[in-house]
>>> print(open('target_9.tsv').read())   # TSV, C-alpha atoms
chain	number	residue	atom	x	y	z
Q	1	MET	CA	150.52	63.46	211.10
Q	2	THR	CA	149.51	66.86	212.49
Q	3	ASP	CA	149.59	69.80	210.01
Q	4	ARG	CA	151.76	72.44	211.68
Q	5	HIS	CA	150.76	75.07	209.07
Q	6	PRO	CA	146.98	74.86	208.72
Q	7	ARG	CA	145.43	76.58	205.73
Q	8	PRO	CA	143.39	79.68	206.55
Q	9	CYS	CA	139.67	79.51	206.12
Q	10	PRO	CA	138.75	80.80	202.61
Q	11	ALA	CA	135.74	82.65	203.99
Q	12	LEU	CA	137.91	84.44	206.55
Q	13	VAL	CA	140.43	85.42	203.88
Q	14	ALA	CA	137.63	86.88	201.77
Q	15	LEU	CA	136.29	88.91	204.70
Q	16	VAL	CA	139.73	90.35	205.48
Q	17	TYR	CA	140.27	91.23	201.81
Q	18	LEU	CA	136.91	93.03	201.60
Q	19	ALA	CA	137.66	94.91	204.82
Q	20	LEU	CA	140.96	96.13	203.39
Q	21	LEU	CA	139.25	97.32	200.22
Q	22	ALA	CA	136.66	99.24	202.24
Q	23	ALA	CA	139.20	100.89	204.53
Q	24	PRO	CA	139.96	104.53	203.63
Q	25	ALA	CA	143.35	105.24	202.16
Q	26	PRO	CA	145.71	107.09	204.49
Q	27	ALA	CA	145.38	110.85	204.05
Q	28	ALA	CA	148.27	112.76	202.54
Q	29	ASP	CA	150.25	114.96	204.90
Q	30	ARG	CA	148.62	118.36	204.39
Q	31	SER	CA	151.75	120.14	205.62
Q	32	THR	CA	153.63	118.81	202.56
Q	33	PRO	CA	153.20	120.96	199.44
Q	34	PRO	CA	152.06	119.29	196.21
Q	35	PRO	CA	154.43	119.22	193.24
Q	36	VAL	CA	154.54	122.73	191.75
Q	37	ILE	CA	156.45	123.83	188.66
Q	38	PRO	CA	158.37	126.91	189.87
Q	39	ARG	CA	158.62	130.18	187.99
Q	40	ALA	CA	162.23	129.57	186.98
Q	41	ALA	CA	161.27	126.26	185.34
Q	42	TRP	CA	158.66	127.83	183.04
Q	43	GLY	CA	160.77	130.87	182.14
Q	44	ALA	CA	158.97	133.62	184.06
Q	45	GLN	CA	159.97	137.21	183.48
Q	46	PRO	CA	160.62	139.36	186.58
Q	47	ALA	CA	157.49	140.65	188.26
Q	48	LYS	CA	156.85	144.40	188.07
Q	49	THR	CA	156.35	144.82	191.79
Q	50	ALA	CA	155.75	148.58	191.55
Q	51	LEU	CA	152.35	147.69	190.02
Q	52	MET	CA	151.52	145.19	192.76
Q	53	GLN	CA	150.08	145.41	196.27
Q	54	GLN	CA	151.54	143.49	199.20
Q	55	HIS	CA	149.10	141.44	201.27
Q	56	MET	CA	148.76	138.56	203.74
Q	57	PRO	CA	146.70	135.58	202.48
Q	58	ARG	CA	143.58	134.90	204.54
Q	59	GLU	CA	141.16	133.43	201.94
Q	60	ILE	CA	141.26	131.30	198.79
Q	61	VAL	CA	139.33	132.11	195.60
Q	62	ILE	CA	138.88	129.58	192.76
Q	63	HIS	CA	138.65	130.59	189.09
Q	64	HIS	CA	138.44	128.95	185.70
Q	65	THR	CA	140.35	130.39	182.76
Q	66	GLY	CA	137.13	130.83	180.78
Q	67	GLU	CA	138.56	129.11	177.68
Q	68	LYS	CA	138.42	125.42	176.80
Q	69	ARG	CA	141.37	123.30	177.85
Q	70	ARG	CA	144.32	123.19	175.44
Q	71	PRO	CA	146.19	119.97	176.24
Q	72	GLN	CA	148.32	120.36	173.11
Q	73	LEU	CA	150.24	123.21	174.81
Q	74	THR	CA	152.66	122.65	177.66
Q	75	LEU	CA	152.04	124.23	181.04
Q	76	GLN	CA	155.21	126.25	180.53
Q	77	GLU	CA	153.87	127.72	177.25
Q	78	LYS	CA	150.55	128.60	178.83
Q	79	LEU	CA	152.16	130.40	181.75
Q	80	ARG	CA	154.52	132.38	179.53
Q	81	LYS	CA	151.61	133.46	177.31
Q	82	LEU	CA	149.53	134.44	180.33
Q	83	GLN	CA	152.35	136.45	181.85
Q	84	LYS	CA	153.00	138.29	178.57
Q	85	PHE	CA	149.30	139.14	178.28
Q	86	SER	CA	149.17	140.24	181.92
Q	87	GLN	CA	152.18	142.54	181.86
Q	88	ASN	CA	151.06	144.42	178.75
Q	89	PRO	CA	148.01	146.64	178.19
Q	90	GLY	CA	145.20	144.85	176.41
Q	91	GLN	CA	141.55	143.88	176.57
Q	92	VAL	CA	139.43	141.26	178.30
Q	93	GLY	CA	136.39	140.96	176.07
Q	94	ARG	CA	135.38	144.58	175.46
Q	95	THR	CA	136.96	145.84	178.69
Q	96	PRO	CA	140.35	147.55	178.47
Q	97	LYS	CA	143.00	146.02	180.72
Q	98	PRO	CA	145.92	148.04	182.12
Q	99	PRO	CA	149.32	146.39	182.47
Q	100	TRP	CA	149.52	144.21	185.56
Q	101	GLY	CA	152.69	143.46	187.48
Q	102	ASP	CA	152.52	139.71	186.87
Q	103	LEU	CA	150.14	136.83	186.27
Q	104	PRO	CA	146.83	137.58	188.01
Q	105	TYR	CA	146.80	134.16	189.73
Q	106	HIS	CA	149.07	132.68	192.37
Q	107	PHE	CA	148.66	129.13	191.02
Q	108	TYR	CA	147.51	127.61	187.73
Q	109	VAL	CA	146.20	124.03	187.40
Q	110	ASP	CA	146.52	122.84	183.80
Q	111	ALA	CA	144.55	120.31	181.74
Q	112	ASP	CA	146.60	117.38	183.08
Q	113	GLY	CA	146.43	118.44	186.72
Q	114	ARG	CA	149.94	119.92	186.83
Q	115	ILE	CA	150.33	122.97	189.05
Q	116	GLY	CA	152.32	126.03	188.01
Q	117	GLU	CA	153.59	128.76	190.31
Q	118	GLY	CA	152.24	132.16	189.35
Q	119	ARG	CA	152.39	135.46	191.20
Q	120	SER	CA	154.24	135.55	194.51
Q	121	LEU	CA	151.92	134.92	197.45
Q	122	ALA	CA	153.35	138.09	199.02
Q	123	PHE	CA	151.30	140.16	196.54
Q	124	ALA	CA	147.56	140.43	195.87
Q	125	GLY	CA	146.31	139.22	192.50
Q	126	ASP	CA	144.72	141.29	189.75
Q	127	SER	CA	141.28	141.06	188.18
Q	128	ASN	CA	139.34	142.63	185.32
Q	129	THR	CA	136.25	142.54	187.57
Q	130	ARG	CA	135.43	144.80	190.47
Q	131	TYR	CA	136.29	142.93	193.64
Q	132	ASP	CA	138.97	143.27	196.27
Q	133	THR	CA	141.70	140.69	195.68
Q	134	ALA	CA	143.71	141.68	198.77
Q	135	ASN	CA	144.40	138.87	201.26
Q	136	ARG	CA	142.97	136.29	198.86
Q	137	ILE	CA	144.95	133.52	197.16
Q	138	GLN	CA	143.88	133.27	193.51
Q	139	ILE	CA	143.88	129.80	191.89
Q	140	ALA	CA	142.97	129.26	188.24
Q	141	VAL	CA	141.94	125.89	186.82
Q	142	GLU	CA	142.33	125.58	183.05
Q	143	GLY	CA	139.04	125.19	181.22
Q	144	HIS	CA	135.61	126.67	180.60
Q	145	PHE	CA	133.46	124.82	183.08
Q	146	ASP	CA	130.15	125.98	181.71
Q	147	GLN	CA	131.10	124.05	178.55
Q	148	GLU	CA	133.23	121.16	179.89
Q	149	GLN	CA	133.91	119.38	183.14
Q	150	PRO	CA	137.11	119.51	185.18
Q	151	THR	CA	139.09	116.28	184.92
Q	152	PRO	CA	139.68	113.99	187.91
Q	153	ALA	CA	143.37	114.94	187.73
Q	154	GLN	CA	142.51	118.65	187.94
Q	155	LEU	CA	140.20	118.14	190.90
Q	156	ALA	CA	142.73	115.98	192.74
Q	157	ALA	CA	145.46	118.59	192.20
Q	158	LEU	CA	143.14	121.41	193.27
Q	159	ASP	CA	142.09	119.55	196.43
Q	160	ARG	CA	145.68	118.85	197.44
Q	161	LEU	CA	146.85	122.40	196.69
Q	162	VAL	CA	144.00	124.06	198.57
Q	163	ALA	CA	144.33	121.73	201.57
Q	164	TRP	CA	148.04	122.56	201.85
Q	165	LEU	CA	147.47	126.31	201.47
Q	166	ALA	CA	144.67	126.20	204.05
Q	167	VAL	CA	147.04	124.65	206.59
Q	168	ARG	CA	149.93	126.96	205.76
Q	169	TYR	CA	147.89	130.17	205.96
Q	170	ARG	CA	145.24	129.02	208.45
Q	171	VAL	CA	142.40	129.51	205.99
Q	172	PRO	CA	139.12	128.05	207.31
Q	173	ALA	CA	136.94	126.06	204.95
Q	174	ALA	CA	134.31	128.82	205.04
Q	175	LYS	CA	136.83	131.20	203.44
Q	176	ILE	CA	137.20	129.10	200.28
Q	177	SER	CA	135.01	130.51	197.53
Q	178	GLY	CA	134.50	130.94	193.81
Q	179	HIS	CA	135.03	134.17	191.89
Q	180	SER	CA	131.29	134.53	191.30
Q	181	ASP	CA	130.72	134.60	195.08
Q	182	HIS	CA	132.27	138.08	195.07
Q	183	VAL	CA	131.23	139.55	191.70
Q	184	ALA	CA	127.76	139.73	190.16
Q	185	GLY	CA	127.62	139.05	186.46
Q	186	THR	CA	130.46	136.54	186.14
Q	187	ASP	CA	130.02	132.79	185.75
Q	188	CYS	CA	133.58	132.07	186.98
Q	189	PRO	CA	134.54	129.36	187.93
Q	190	GLY	CA	131.78	127.83	185.82
Q	191	ARG	CA	129.02	125.44	186.82
Q	192	GLY	CA	131.17	122.31	186.56
Q	193	LEU	CA	133.82	123.58	188.97
Q	194	LYS	CA	131.47	125.54	191.20
Q	195	ALA	CA	129.64	122.29	191.93
Q	196	HIS	CA	132.87	120.86	193.37
Q	197	LEU	CA	133.43	123.64	195.92
Q	198	PRO	CA	131.25	122.13	198.71
Q	199	ALA	CA	133.28	118.91	198.50
Q	200	LEU	CA	136.50	120.94	198.47
Q	201	ARG	CA	135.48	122.82	201.59
Q	202	ALA	CA	134.52	119.56	203.25
Q	203	HIS	CA	137.91	118.11	202.32
Q	204	VAL	CA	139.70	121.06	203.90
Q	205	ALA	CA	137.52	120.79	207.02
Q	206	GLY	CA	138.46	117.12	207.30
Q	207	ARG	CA	134.99	115.70	206.82
Q	208	ARG	CA	133.06	113.96	204.09
Q	209	PRO	CA	130.82	116.20	201.94
>>> encode(input="target_9.tsv", output="structure tokens")
Amino acid sequence: MTDRHPRPCPALVALVYLALLAAPAPAADRSTPPPVIPRAAWGAQPAKTALMQQHMPREIVIHHTGEKRRPQLTLQEKLRKLQKFSQNPGQVGRTPKPPWGDLPYHFYVDADGRIGEGRSLAFAGDSNTRYDTANRIQIAVEGHFDQEQPTPAQLAALDRLVAWLAVRYRVPAAKISGHSDHVAGTDCPGRGLKAHLPALRAHVAGRRP
């Protein structure tokens, strides 16, 4: 009797399976924003816009927070603490800091790769170092990356966020940089994160590093 449902060749099945494993995963739609915890959800206070400068984003600058990750705190707690520090006079190291209108960063990527909304993108960020923040989106990744490495979750979140922002604001890959590219004497964003920037730029440009 003729077998109307012949069994596939095991070798052929294995080849197809290996081909599927080797195939690249479909790329995420870069026009779709990543999940971001909005200001209202973390309890942001109103921004003091009189202390802030309007701008139009044209570049992206990556920072680290300069302190080791604190996974025991929620992202909401970290953002509230950072905003309170930012809006009051204080010090960064030995340097006096005037009150800023809001968080200095537009986005904050925490220890678990969650993204928090910071300052409105309509306003330039603030810095305790001497460089022009106008027309530059400021992104902070939690950690001290001269002393620890960014986690895979942090890098994945950063890649997705930057790719989306680059599409939205037409930022070319060449305009994605680290803080230390603009200011002598700072290690920000740290060696561990700085080493990822070529791959990040390649990701935005749509090519392999």
>>> closest_residue(input="target_9.tsv", among="Q:Ile60, Q:Val204, Q:Ala140, Q:Leu75", to="Gly43 (chain Q)", atoms="all atoms listed in the file")
Q:Leu75
>>> closest_atom_pairs(input="target_9.tsv", of="region 107-152 of chain Q", to="region 92-102 of chain Q", cutoff="9 Å", atoms="only C-alpha atoms", output="JSON lines")
{"residue": "Q:Gly118", "atom": "CA", "partner": "Q:Asp102", "partner_atom": "CA", "distance": 8.0}
{"residue": "Q:Arg119", "atom": "CA", "partner": "Q:Asp102", "partner_atom": "CA", "distance": 6.1}
{"residue": "Q:Ser120", "atom": "CA", "partner": "Q:Asp102", "partner_atom": "CA", "distance": 8.9}
{"residue": "Q:Gly125", "atom": "CA", "partner": "Q:Asp102", "partner_atom": "CA", "distance": 8.4}
{"residue": "Q:Asp126", "atom": "CA", "partner": "Q:Trp100", "partner_atom": "CA", "distance": 7.0}
{"residue": "Q:Asn128", "atom": "CA", "partner": "Q:Lys97", "partner_atom": "CA", "distance": 6.8}
>>> closest_atom_pairs(input="target_9.tsv", of="region 175-207 of chain Q", to="region 145-162 of chain Q", cutoff="8 Å", atoms="only C-alpha atoms", output="JSON lines")
{"residue": "Q:Asp187", "atom": "CA", "partner": "Q:Asp146", "partner_atom": "CA", "distance": 7.9}
{"residue": "Q:Pro189", "atom": "CA", "partner": "Q:Phe145", "partner_atom": "CA", "distance": 6.7}
{"residue": "Q:Gly190", "atom": "CA", "partner": "Q:Phe145", "partner_atom": "CA", "distance": 4.4}
{"residue": "Q:Arg191", "atom": "CA", "partner": "Q:Asp146", "partner_atom": "CA", "distance": 5.3}
{"residue": "Q:Gly192", "atom": "CA", "partner": "Q:Phe145", "partner_atom": "CA", "distance": 4.9}
{"residue": "Q:Leu193", "atom": "CA", "partner": "Q:Phe145", "partner_atom": "CA", "distance": 6.0}
{"residue": "Q:Leu200", "atom": "CA", "partner": "Q:Asp159", "partner_atom": "CA", "distance": 6.1}
{"residue": "Q:His203", "atom": "CA", "partner": "Q:Asp159", "partner_atom": "CA", "distance": 7.4}
{"residue": "Q:Val204", "atom": "CA", "partner": "Q:Val162", "partner_atom": "CA", "distance": 7.5}
>>> closest_residue(input="target_9.tsv", among="Q:Arg58, Q:His63, Q:Lys78, Q:His144", to="Tyr105 (chain Q)", atoms="all atoms listed in the file")
Q:His63
>>> atom_distance(input="target_9.tsv", atom1="CA of Ser177 (chain Q)", atom2="CA of Val61 (chain Q)")
5.0 Å
>>> atom_distance(input="target_9.tsv", atom1="CA of Thr129 (chain Q)", atom2="CA of Pro104 (chain Q)")
11.7 Å
>>> atom_distance(input="target_9.tsv", atom1="CA of Asp181 (chain Q)", atom2="CA of Ala205 (chain Q)")
19.5 Å
>>> axis_aligned_box(input="target_9.tsv", around="region 51-62 of chain Q", padding_each_side="6 Å", output="lines of an AutoDock Vina configuration file")
center_x = 145.6
center_y = 138.6
center_z = 197.3
size_x = 25.5
size_y = 30.1
size_z = 26.5
